[in-house]
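Everything below belongs to entry12.cif, which stores mmCIF, C-alpha atoms.
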data_query
loop_
_atom_site.label_atom_id
_atom_site.label_comp_id
_atom_site.auth_asym_id
_atom_site.auth_seq_id
_atom_site.Cartn_x
_atom_site.Cartn_y
_atom_site.Cartn_z
CA MET P 84 -11.54 -8.57 20.07
CA VAL P 85 -12.11 -6.27 17.10
CA LEU P 86 -9.88 -4.63 14.49
CA ASP P 87 -9.49 -0.90 15.09
CA ASP P 88 -8.91 1.84 12.54
CA MET P 89 -5.18 0.96 12.48
CA ARG P 90 -6.02 -2.66 11.55
CA GLU P 91 -4.68 -3.68 14.95
CA GLY P 92 -6.43 -6.17 17.22
CA PHE P 93 -7.93 -4.52 20.29
CA PRO P 94 -9.67 -6.35 23.17
CA CYS P 95 -13.16 -5.12 23.99
CA ALA P 96 -14.49 -7.64 26.53
CA PHE P 97 -13.18 -10.55 28.58
CA LEU P 98 -15.00 -13.61 29.91
CA ILE P 99 -13.62 -15.38 32.98
CA SER P 100 -15.47 -18.65 33.51
CA ASN P 101 -14.92 -22.25 34.54
CA ARG P 102 -16.70 -23.49 31.40
CA ALA P 103 -17.11 -22.48 27.74
CA ASP P 104 -20.42 -23.94 26.57
CA GLU P 105 -23.18 -22.36 24.52
CA HIS P 106 -25.18 -21.24 27.57
CA MET P 107 -22.20 -19.37 29.05
CA MET P 108 -21.41 -17.76 25.71
CA ARG P 109 -25.02 -16.58 25.44
CA ILE P 110 -24.78 -14.90 28.87
CA PHE P 111 -21.52 -13.25 27.86
CA PHE P 112 -22.90 -11.87 24.59
CA MET P 113 -26.02 -10.61 26.38
CA SER P 114 -23.79 -8.67 28.78
CA VAL P 115 -21.93 -7.12 25.84
CA LYS P 116 -25.22 -6.20 24.17
CA GLU P 117 -26.54 -4.54 27.33
CA SER P 118 -23.33 -2.54 27.75
CA LEU P 119 -23.54 -1.26 24.17
CA GLY P 120 -27.26 -0.67 24.25
CA ARG P 121 -27.70 -2.36 20.89
CA SER P 122 -26.86 -5.56 19.06
CA LEU P 123 -23.78 -5.96 16.91
CA LYS P 124 -23.91 -6.78 13.21
CA SER P 125 -20.49 -7.98 12.17
CA SER P 126 -19.44 -8.38 8.58
CA VAL P 127 -17.11 -11.26 9.53
CA LEU P 128 -17.34 -13.60 12.51
CA MET P 129 -14.32 -15.91 12.72
CA THR P 130 -14.21 -18.80 15.19
CA ASP P 131 -12.78 -22.28 15.41
CA MET P 132 -14.68 -25.28 14.10
CA ALA P 133 -16.78 -25.71 17.26
CA PRO P 134 -20.36 -24.39 16.79
CA VAL P 135 -20.59 -23.07 20.37
CA PHE P 136 -19.59 -19.47 19.68
CA TYR P 137 -21.51 -19.11 16.43
CA ASN P 138 -24.78 -20.53 17.78
CA ALA P 139 -24.65 -18.27 20.84
CA TRP P 140 -23.82 -15.26 18.69
CA ILE P 141 -26.74 -15.60 16.25
CA GLU P 142 -29.16 -16.02 19.18
CA VAL P 143 -28.11 -12.71 20.76
CA MET P 144 -26.60 -10.60 17.97
CA ASP P 145 -27.46 -10.07 14.30
CA LEU P 146 -26.54 -12.65 11.71
CA PRO P 147 -23.02 -11.97 10.31
CA VAL P 148 -22.38 -11.62 6.60
CA HIS P 149 -19.52 -14.14 6.64
CA ARG P 150 -18.95 -16.99 9.08
CA LEU P 151 -15.34 -18.12 8.69
CA TYR P 152 -13.08 -20.72 10.21
CA CYS P 153 -9.63 -19.61 11.24
CA THR P 154 -7.14 -20.92 8.67
CA TRP P 155 -4.63 -21.70 11.39
CA HIS P 156 -7.13 -23.87 13.28
CA VAL P 157 -8.19 -25.63 10.09
CA ASP P 158 -4.60 -26.40 9.14
CA ARG P 159 -3.80 -27.67 12.65
CA ALA P 160 -6.88 -29.95 12.63
CA TRP P 161 -5.84 -31.40 9.27
CA ARG P 162 -2.30 -32.11 10.41
CA ASN P 163 -3.52 -33.70 13.63
CA ASN P 164 -5.84 -36.06 11.72
CA LEU P 165 -3.33 -37.06 9.05
CA CYS P 166 -2.43 -39.93 11.35
CA LYS P 167 -5.56 -41.65 10.01
CA ILE P 168 -3.43 -42.32 6.91
CA CYS P 169 -0.89 -45.09 7.49
CA SER P 170 1.56 -44.29 4.68
CA LYS P 171 3.88 -41.31 5.30
CA GLU P 172 4.22 -40.63 1.58
CA LYS P 173 0.44 -40.48 1.17
CA GLN P 174 0.21 -38.16 4.18
CA VAL P 175 2.52 -35.70 2.45
CA ALA P 176 0.61 -35.98 -0.84
CA VAL P 177 -2.80 -35.54 0.82
CA TYR P 178 -1.64 -32.55 2.87
CA LYS P 179 -0.26 -30.86 -0.25
CA LYS P 180 -3.63 -31.32 -2.00
CA LEU P 181 -5.43 -29.97 1.08
CA ARG P 182 -3.35 -26.77 1.01
CA THR P 183 -4.01 -26.42 -2.72
CA LEU P 184 -7.74 -26.71 -2.08
CA LEU P 185 -7.56 -24.23 0.78
CA GLN P 186 -5.78 -21.54 -1.24
CA GLU P 187 -7.72 -21.92 -4.51
CA THR P 188 -9.52 -18.63 -5.31
CA ASP P 189 -11.59 -19.75 -8.32
CA LYS P 190 -14.94 -21.31 -7.37
CA ASN P 191 -15.35 -23.39 -10.53
CA ALA P 192 -11.86 -24.85 -10.24
CA PHE P 193 -12.41 -25.48 -6.53
CA SER P 194 -15.64 -27.44 -7.15
CA ALA P 195 -13.94 -29.73 -9.65
CA MET P 196 -10.87 -30.19 -7.46
CA ILE P 197 -12.72 -31.07 -4.25
CA SER P 198 -14.96 -33.56 -6.06
CA ASN P 199 -11.96 -35.43 -7.49
CA PHE P 200 -10.10 -35.16 -4.18
CA LEU P 201 -12.95 -36.75 -2.21
CA ASN P 202 -13.37 -39.57 -4.72
CA ASN P 203 -9.67 -40.38 -4.60
CA LEU P 204 -9.67 -40.40 -0.79
CA LEU P 205 -12.68 -42.70 -0.50
CA GLU P 206 -11.50 -45.12 -3.21
CA ASP P 207 -8.06 -45.67 -1.67
CA PRO P 208 -8.17 -48.08 1.33
CA ASP P 209 -5.25 -46.25 3.00
CA THR P 210 -7.04 -42.88 2.93
CA THR P 211 -10.65 -43.98 3.46
CA ASN P 212 -10.74 -43.01 7.15
CA PHE P 213 -9.36 -39.55 6.46
CA GLY P 214 -11.77 -39.18 3.52
CA GLN P 215 -14.75 -39.91 5.78
CA TYR P 216 -13.46 -37.40 8.34
CA PHE P 217 -12.98 -34.72 5.67
CA HIS P 218 -16.43 -35.38 4.16
CA LYS P 219 -18.12 -35.13 7.57
CA TYR P 220 -16.52 -31.93 8.87
CA TYR P 221 -15.37 -29.94 5.81
CA ALA P 222 -17.07 -31.02 2.59
CA LYS P 223 -20.46 -29.57 3.58
CA ASN P 224 -19.24 -26.16 4.81
CA VAL P 225 -16.60 -25.17 2.25
CA ASP P 226 -17.77 -21.55 2.36
CA SER P 227 -16.30 -21.26 5.88
CA TRP P 228 -12.72 -22.34 5.15
CA ALA P 229 -12.00 -22.15 1.38
CA TYR P 230 -10.33 -18.98 0.09
CA CYS P 231 -12.60 -18.76 -2.95
CA TYR P 232 -15.59 -18.11 -0.67
CA ARG P 233 -13.94 -15.41 1.42
CA ILE P 234 -12.80 -13.07 -1.36
CA HIS P 235 -13.25 -9.40 -0.31
CA SER P 236 -14.14 -10.41 3.23
CA GLY P 237 -11.22 -8.30 4.45
CA ILE P 238 -9.79 -10.91 6.83
CA ASN P 239 -7.83 -14.11 6.50
CA THR P 240 -6.83 -15.52 9.91
CA ASN P 241 -7.34 -14.55 13.53
CA MET P 242 -3.65 -13.98 14.18
CA HIS P 243 -4.59 -10.85 16.13
CA ILE P 244 -6.32 -12.79 18.88
CA GLU P 245 -3.61 -15.46 18.82
CA ASN P 246 -1.05 -12.70 19.31
CA MET P 247 -3.05 -11.38 22.27
CA HIS P 248 -3.17 -14.82 23.88
CA ARG P 249 0.57 -15.26 23.35
CA SER P 250 1.33 -11.84 24.88
CA ILE P 251 -0.79 -12.52 27.96
CA LYS P 252 0.63 -15.99 28.47
CA TYR P 253 4.35 -15.39 27.88
CA ILE P 254 4.84 -11.68 28.63
CA TYR P 255 2.38 -10.91 31.40
CA LEU P 256 2.18 -14.40 32.97
CA ASN P 257 5.80 -15.41 32.17
CA GLY P 258 4.56 -18.73 30.76
CA LYS P 259 3.07 -19.82 34.08
CA VAL P 260 -0.47 -21.03 34.76
CA ASN P 261 -2.45 -18.56 36.88
CA LYS P 262 -5.09 -19.94 39.24
CA ARG P 263 -5.99 -16.79 41.19
CA LEU P 264 -8.87 -14.64 40.01
CA ASP P 265 -7.54 -11.37 41.45
CA GLN P 266 -4.19 -11.79 39.69
CA ALA P 267 -5.93 -12.65 36.40
CA ILE P 268 -8.05 -9.47 36.56
CA TYR P 269 -5.00 -7.37 37.46
CA ILE P 270 -3.02 -8.76 34.51
CA LEU P 271 -5.88 -8.19 32.05
CA MET P 272 -6.31 -4.58 33.21
CA LYS P 273 -2.57 -4.02 32.85
CA PHE P 274 -2.66 -5.51 29.37
CA VAL P 275 -5.53 -3.19 28.31
CA ARG P 276 -3.69 -0.18 29.78
CA ASP P 277 -0.57 -0.98 27.74
CA LYS P 278 -2.67 -1.42 24.59
CA LEU P 279 -4.21 2.02 25.13
CA PHE P 280 -0.77 3.61 25.52
CA ASN P 281 0.45 1.87 22.36
CA ARG P 282 -2.59 3.20 20.48
CA LEU P 283 -1.83 6.77 21.60
CA ILE P 284 1.76 6.37 20.45
CA ILE P 285 0.63 5.07 17.05
CA LEU P 286 -1.84 7.96 16.66
CA ASN P 287 0.94 10.51 17.21
CA LYS P 288 3.91 8.83 15.55
CA GLY P 289 2.11 6.77 12.93
CA LYS P 290 2.70 3.17 11.97
CA ILE P 291 3.22 1.34 8.72
CA SER P 292 1.73 -2.13 8.66
CA THR P 293 3.38 -5.10 7.01
CA LYS P 294 0.82 -5.10 4.20
CA LEU P 295 1.50 -1.45 3.47
CA LYS P 296 5.25 -2.12 3.44
CA ASP P 297 4.71 -4.87 0.86
CA ILE P 298 2.62 -2.59 -1.33
CA ARG P 299 5.22 0.18 -1.15
CA ALA P 300 7.99 -2.29 -1.99
CA ARG P 301 6.13 -3.39 -5.11
CA HIS P 302 5.53 0.25 -6.01
CA LYS P 303 9.28 0.96 -5.80
CA THR P 304 9.95 -2.08 -7.99
CA SER P 305 7.45 -0.83 -10.56
CA ASN P 306 9.31 2.51 -10.79
CA ALA P 307 12.22 0.65 -12.40
CA LEU P 308 9.91 -0.64 -15.15
CA ASN P 309 9.38 1.28 -18.36
CA VAL P 310 5.88 2.61 -19.04
CA ASP P 311 6.43 2.35 -22.81
CA VAL P 312 6.30 -1.46 -22.67
CA VAL P 313 2.59 -1.42 -21.71
CA VAL P 314 0.35 -2.53 -24.59
CA VAL P 315 -3.36 -1.68 -24.52
CA ASN P 316 -5.74 -4.35 -25.82
CA GLU P 317 -9.49 -4.94 -25.79
CA THR P 318 -9.71 -6.52 -22.33
CA GLY P 319 -7.06 -4.49 -20.52
CA TRP P 320 -3.30 -4.16 -20.73
CA MET P 321 -0.41 -6.46 -21.57
CA VAL P 322 2.80 -6.13 -19.56
CA PRO P 323 5.94 -8.17 -20.38
CA SER P 324 7.76 -9.83 -17.54
CA SER P 325 11.00 -8.19 -16.42
CA SER P 326 12.74 -11.52 -15.74
CA THR P 327 11.22 -14.03 -18.20
CA GLN P 328 9.65 -14.08 -21.65
CA ASP P 329 6.09 -14.26 -20.25
CA LEU P 330 3.34 -11.69 -20.71
CA TYR P 331 0.97 -10.61 -17.96
CA GLN P 332 -2.62 -9.63 -18.70
CA VAL P 333 -3.97 -6.94 -16.34
CA GLU P 334 -7.73 -6.43 -16.35
CA LYS P 335 -10.00 -4.01 -14.53
CA ARG P 336 -12.64 -6.12 -12.80
CA GLN P 337 -14.43 -3.53 -10.65
CA LYS P 338 -14.85 0.22 -10.88
CA HIS P 339 -14.73 0.68 -7.12
CA CYS P 340 -12.58 -1.39 -4.74
CA ASN P 341 -14.67 -3.08 -2.03
CA TYR P 342 -11.80 -3.66 0.35
CA SER P 343 -9.27 -6.31 -0.48
CA SER P 344 -8.78 -9.83 -1.66
CA ILE P 345 -7.26 -12.65 0.35
CA LYS P 346 -3.70 -11.36 0.56
CA TRP P 347 -4.53 -7.64 0.01
CA ASN P 348 -1.53 -7.16 -2.29
CA MET P 349 -0.91 -5.49 -5.64
CA CYS P 350 1.83 -6.83 -7.87
CA LYS P 351 4.37 -4.57 -9.57
CA HIS P 352 2.56 -4.95 -12.91
CA ILE P 353 -0.65 -3.43 -11.49
CA HIS P 354 1.43 -0.56 -10.08
CA LEU P 355 2.92 -0.07 -13.54
CA ILE P 356 -0.57 0.07 -15.12
CA CYS P 357 -1.63 2.70 -12.57
CA LYS P 358 1.47 4.71 -13.44
CA PHE P 359 0.70 4.29 -17.16
CA LEU P 360 -2.89 5.53 -16.75
CA LYS P 361 -1.73 8.46 -14.65
CA THR P 362 0.77 9.46 -17.34
CA GLN P 363 -1.93 9.27 -20.01
CA ASN P 364 -4.22 11.54 -17.98
CA VAL P 365 -1.44 14.09 -17.49
CA HIS P 366 -0.74 14.23 -21.24
CA ALA P 367 -4.45 14.55 -22.04
CA ASN P 368 -4.92 17.50 -19.66
CA GLU P 369 -1.94 19.46 -20.93
CA ASN P 370 -2.38 22.18 -23.51
CA GLN P 371 -0.81 21.00 -26.76
CA ASP P 372 -0.56 24.55 -28.15
CA GLU P 373 2.12 25.71 -25.73
CA ILE P 374 3.43 29.22 -26.33
CA ILE P 375 7.14 29.24 -27.12
CA GLN P 376 9.10 32.10 -25.70
CA SER P 377 10.64 34.44 -28.20
CA VAL P 378 14.33 35.02 -28.43
CA ASP P 379 14.04 38.46 -26.79
CA ASP P 380 12.60 36.85 -23.65
CA MET P 381 15.72 34.72 -23.17
CA PRO P 382 18.39 36.90 -21.55
CA HIS P 383 20.93 34.09 -21.53
CA LEU P 384 21.05 34.09 -25.35
CA THR P 385 22.77 36.61 -27.61
CA ILE P 386 22.60 37.24 -31.33
CA ASP P 387 25.66 36.80 -33.47
CA GLU P 388 26.28 38.75 -36.65
CA ASN P 389 26.84 35.56 -38.66
CA PHE P 390 24.13 33.35 -37.23
CA ASN P 391 22.42 30.63 -39.23
CA PRO P 392 18.54 30.73 -39.15
CA GLN P 393 18.37 26.93 -39.35
CA GLU P 394 20.59 26.64 -36.31
CA GLU P 395 18.43 29.21 -34.53
CA ASN P 396 15.27 27.15 -35.15
CA THR P 397 17.03 24.03 -33.93
CA ILE P 398 18.04 25.73 -30.68
CA ILE P 399 14.58 27.19 -30.11
CA GLN P 400 13.00 23.78 -30.63
CA ALA P 401 15.46 22.18 -28.21
CA LEU P 402 14.77 24.84 -25.59
CA SER P 403 11.02 24.51 -26.05
CA LYS P 404 11.26 20.72 -25.68
CA SER P 405 13.35 21.12 -22.54
CA LYS P 406 10.83 23.55 -21.07
CA ARG P 407 7.93 21.26 -21.97
CA ASN P 408 9.66 18.28 -20.35
CA GLY P 409 10.22 20.35 -17.23
CA ASN P 410 6.53 21.31 -17.10
CA GLU P 411 5.50 17.68 -17.63
CA LYS P 412 7.72 16.58 -14.75
CA PHE P 413 6.33 19.31 -12.49
CA ILE P 414 2.72 18.47 -13.37
CA SER P 415 3.37 14.77 -12.87
CA GLU P 416 4.97 15.34 -9.47
CA ARG P 417 2.17 17.73 -8.46
CA GLU P 418 -0.53 15.20 -9.43
CA LYS P 419 1.35 12.49 -7.55
CA PHE P 420 1.51 14.65 -4.41
CA LYS P 421 -2.16 15.56 -4.78
CA PHE P 422 -3.11 11.88 -5.03
CA GLU P 423 -1.02 10.96 -1.97
CA LEU P 424 -2.47 13.83 0.07
CA LEU P 425 -6.05 13.00 -0.97
CA GLU P 426 -5.50 9.32 -0.18
CA THR P 427 -4.20 10.25 3.28
CA VAL P 428 -7.16 12.55 3.99
CA ASN P 429 -9.67 9.96 2.80
CA GLY P 430 -8.05 7.41 5.10
CA LEU P 431 -8.77 9.49 8.23
CA GLU P 432 -11.25 7.62 10.40
CA CYS P 433 -11.59 9.59 13.65
CA SER P 434 -11.44 13.14 15.00
CA GLU P 435 -8.05 12.52 16.63
CA GLU P 436 -6.50 11.69 13.25
CA LEU P 437 -8.15 14.78 11.74
CA ASP P 438 -6.63 17.01 14.45
CA ILE P 439 -3.20 15.47 13.86
CA ALA P 440 -3.50 16.09 10.10
CA ARG P 441 -4.55 19.71 10.67
CA LYS P 442 -1.63 20.35 13.00
CA ALA P 443 0.79 18.83 10.50
CA LEU P 444 -0.56 20.91 7.57
CA ALA P 445 -0.96 24.16 9.53
CA PRO P 446 2.56 25.52 8.70
CA LEU P 447 2.15 24.67 5.00
CA ILE P 448 0.26 27.79 3.83
CA PRO P 449 2.38 30.33 5.81
CA THR P 450 5.57 28.68 4.53
CA LEU P 451 4.40 28.84 0.91
CA THR P 452 3.31 32.48 1.37
CA ALA P 453 6.70 33.44 2.81
CA PHE P 454 8.50 31.66 -0.04
CA ARG P 455 6.41 33.46 -2.68
CA ASN P 456 6.94 36.86 -1.01
CA LEU P 457 10.68 36.25 -0.90
CA LYS P 458 10.66 35.23 -4.54
CA ASN P 459 8.71 38.37 -5.53
CA LYS P 460 11.16 40.55 -3.61
CA GLU P 461 14.07 39.05 -5.52
CA VAL P 462 12.30 39.68 -8.83
CA CYS P 463 11.53 43.27 -7.86
CA LYS P 464 15.13 43.77 -6.81
CA GLU P 465 16.31 42.60 -10.21
CA ASN P 466 13.86 44.91 -12.01
CA GLN P 467 14.41 47.98 -9.82
CA ASN P 468 15.33 51.31 -11.42
CA ILE P 469 19.03 51.71 -12.07
CA PRO P 470 20.57 55.16 -12.67
CA HIS P 471 21.15 55.93 -16.33
CA ASN P 472 24.84 56.41 -15.81
CA LYS P 473 25.07 52.85 -14.44
CA LYS P 474 23.17 51.22 -17.28
CA ILE P 475 25.37 49.39 -19.73
CA PRO P 476 23.50 48.22 -22.83
CA GLN P 477 24.17 44.60 -23.73
CA GLN P 478 23.71 43.37 -27.25
CA ARG P 479 21.66 40.19 -27.46
CA ARG P 480 23.38 37.46 -29.38
CA LEU P 481 22.33 33.99 -30.37
CA PHE P 482 25.84 32.63 -29.98
CA LYS P 483 28.39 33.98 -27.58
CA THR P 484 31.50 35.18 -29.36
CA LYS P 485 34.73 34.28 -27.72
CA LYS P 486 36.64 37.38 -26.69
CA LYS P 487 40.12 37.56 -28.10
CA CYS P 488 42.72 38.34 -25.50
CA ILE P 489 45.41 40.83 -26.50
CA PRO P 490 48.49 40.80 -24.28
CA LYS P 491 49.46 44.10 -22.74
CA LYS P 492 52.63 45.75 -23.90
CA ASP P 493 55.56 45.74 -21.56
CA LYS P 494 56.56 49.34 -20.90
CA THR P 495 60.16 48.33 -20.23
CA ALA P 496 60.42 46.62 -23.61
CA LYS P 497 61.80 48.62 -26.53
CA PRO P 498 59.72 49.26 -29.66
CA ASP P 499 60.12 46.93 -32.59
CA SER P 500 61.26 49.69 -34.90
CA GLU P 501 64.20 50.60 -32.70
CA GLU P 502 67.45 48.97 -33.67
CA VAL P 503 69.13 46.99 -31.01
CA PRO P 504 72.96 46.92 -31.19
CA LEU P 505 74.72 43.58 -31.27
#

Would you put the structure from the file into structure tokens?
Amino acid sequence: MVLDDMREGFPCAFLISNRADEHMMRIFFMSVKESLGRSLKSSVLMTDMAPVFYNAWIEVMDLPVHRLYCTWHVDRAWRNNLCKICSKEKQVAVYKKLRTLLQETDKNAFSAMISNFLNNLLEDPDTTNFGQYFHKYYAKNVDSWAYCYRIHSGINTNMHIENMHRSIKYIYLNGKVNKRLDQAIYILMKFVRDKLFNRLIILNKGKISTKLKDIRARHKTSNALNVDVVVVNETGWMVPSSSTQDLYQVEKRQKHCNYSSIKWNMCKHIHLICKFLKTQNVHANENQDEIIQSVDDMPHLTIDENFNPQEENTIIQALSKSKRNGNEKFISEREKFKFELLETVNGLECSEELDIARKALAPLIPTLTAFRNLKNKEVCKENQNIPHNKKIPQQRRLFKTKKKCIPKKDKTAKPDSEEVPL
């Protein structure tokens, strides 16, 4: 099984055999190599703790960059061997320390922790047996199971292949054991057919992975944070916590992102820093000497006979600030859309995705052209020639004067000068 361009597990070859030793694995990998016409060089090869698969792989294929143990298999082996410790309380304490060792991402801290952990296990009579087991199978190959040695490897567990096994066993086999070869081949072919149909559906409809949902959720949370709270220092940026009195230090470690870390997540504070840097770039690219429209270019304003020049300057400044804020918002939204579009295009990985993107963007240019033509027609209609007898000159005023309403005289009413008899 491999990970496709959608980060989904996809089966590439099956082995049906009555044994799973190194010789059989070597024959299987040779068959895969002959079908491809070349050897495979994988960046990550993840197996269980048995050396059968790895030894057969390096004899036939190229040496992988990372050889990793599946975290799920490692955790299950630890829990199964905790019975070597008699005390239940010490089992809980040892397992908690094992998980802390497993998830430690700093190499220096990990080296000190595992040294103290092994010494404590071997010195305690209740944990000596488990300490010998851990020293024999895990202390000498920490680079295969510890998180600190698999940073930027791009993979954490083999849940994809476990999911495939679970689907075949419980969905296609209904939880029953199959002993017929013809039925097994039929079920595997049906499973591959369904996977191909699911891939076609994903290519056309799209799919958001769980990791991407988490990143988007943190991005939405960062939108509620204020950019003004970011403080720039020598090593990076300081961001105060939104819930406590703590401060978070955000540092830029690499200029280019290799792929991901263990969990492949960005916290809301990193999103806020990205938003802060984007805002700074927008302000730096804007022209500070923005031309302010004159009063004659503002048809919605009129000039009053008793206007105050100071009030006029105040209004012009307010209008200019409003216009500048509107331009800043438009530029910010345009840069955001440009970044999202560029990120989507850069993420295309096959010709099918490129065709889908082209079809989706094909109506964009005609739609914008039609909108601009319609807008120009409306402007031309407003500026079209009007007969001179229809033109009514309007005096431009800075402040609108309120028209005084004079009631019409009632024709049936008598004039005030006329005497009315009692």

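Comparing P:Gln363, P:Tyr178, P:Ser415, P:Ser100 by their smallest distance to Asn163 (chain P), the closest is P:Tyr178 (using all atoms listed in the file).
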
Exercise. Got a sec to resolve the PyMOL selection byres ((chain P and resi 216-222) around 12) on this structure and send the residues as JSON, numbers by chain?
Worked result: {"P": [132, 133, 134, 152, 157, 158, 160, 161, 162, 163, 164, 165, 166, 167, 168, 177, 178, 181, 184, 185, 193, 194, 196, 197, 198, 200, 201, 202, 204, 205, 210, 211, 212, 213, 214, 215, 223, 224, 225, 226, 227, 228, 229]}

Exercise. Can you list, as a ChimeraX atom specification, every protein, DNA or RNA residue that comes within 12 Å of Ile270 (chain P) when you count all atoms listed in the file, leaving out same-chain residues fewer than 6 positions away?
Worked result: /P:97,250-257,261,263-264,276-277

For this session: Select all residues near (-23.7, -9.2, 10.9) (cut-off 7 Å, inclusive, file coordinates), counting only C-alpha atoms, and output them as a ChimeraX atom specification.
Result: /P:123-126,145-148

Problem set entry | Closest of P:Val313, P:Ile298, P:Ile244, P:Leu457 to Cys95 (chain P) - atom-to-atom distances counting only C-alpha atoms | P:Ile244

Exercise. Do you know which residues lie at most 12 Å from (-12.8, -17.9, 12.9), with coordinates as in the file and all atoms listed in the file counted, and could you write them as a PyMOL selection string?
Worked result: chain P and resi 84+127-137+149-157+227-228+233+238-245

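In this structure, CA of Ala267 (chain P) sits 14.0 Å away from CA of Ala96 (chain P).
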
For this session: Select, from P:Asn456, P:Val428, P:Lys351, P:Met321, the residue with the minimum atom-to-atom distance to Leu444 (chain P), counting only C-alpha atoms.
Result: P:Val428
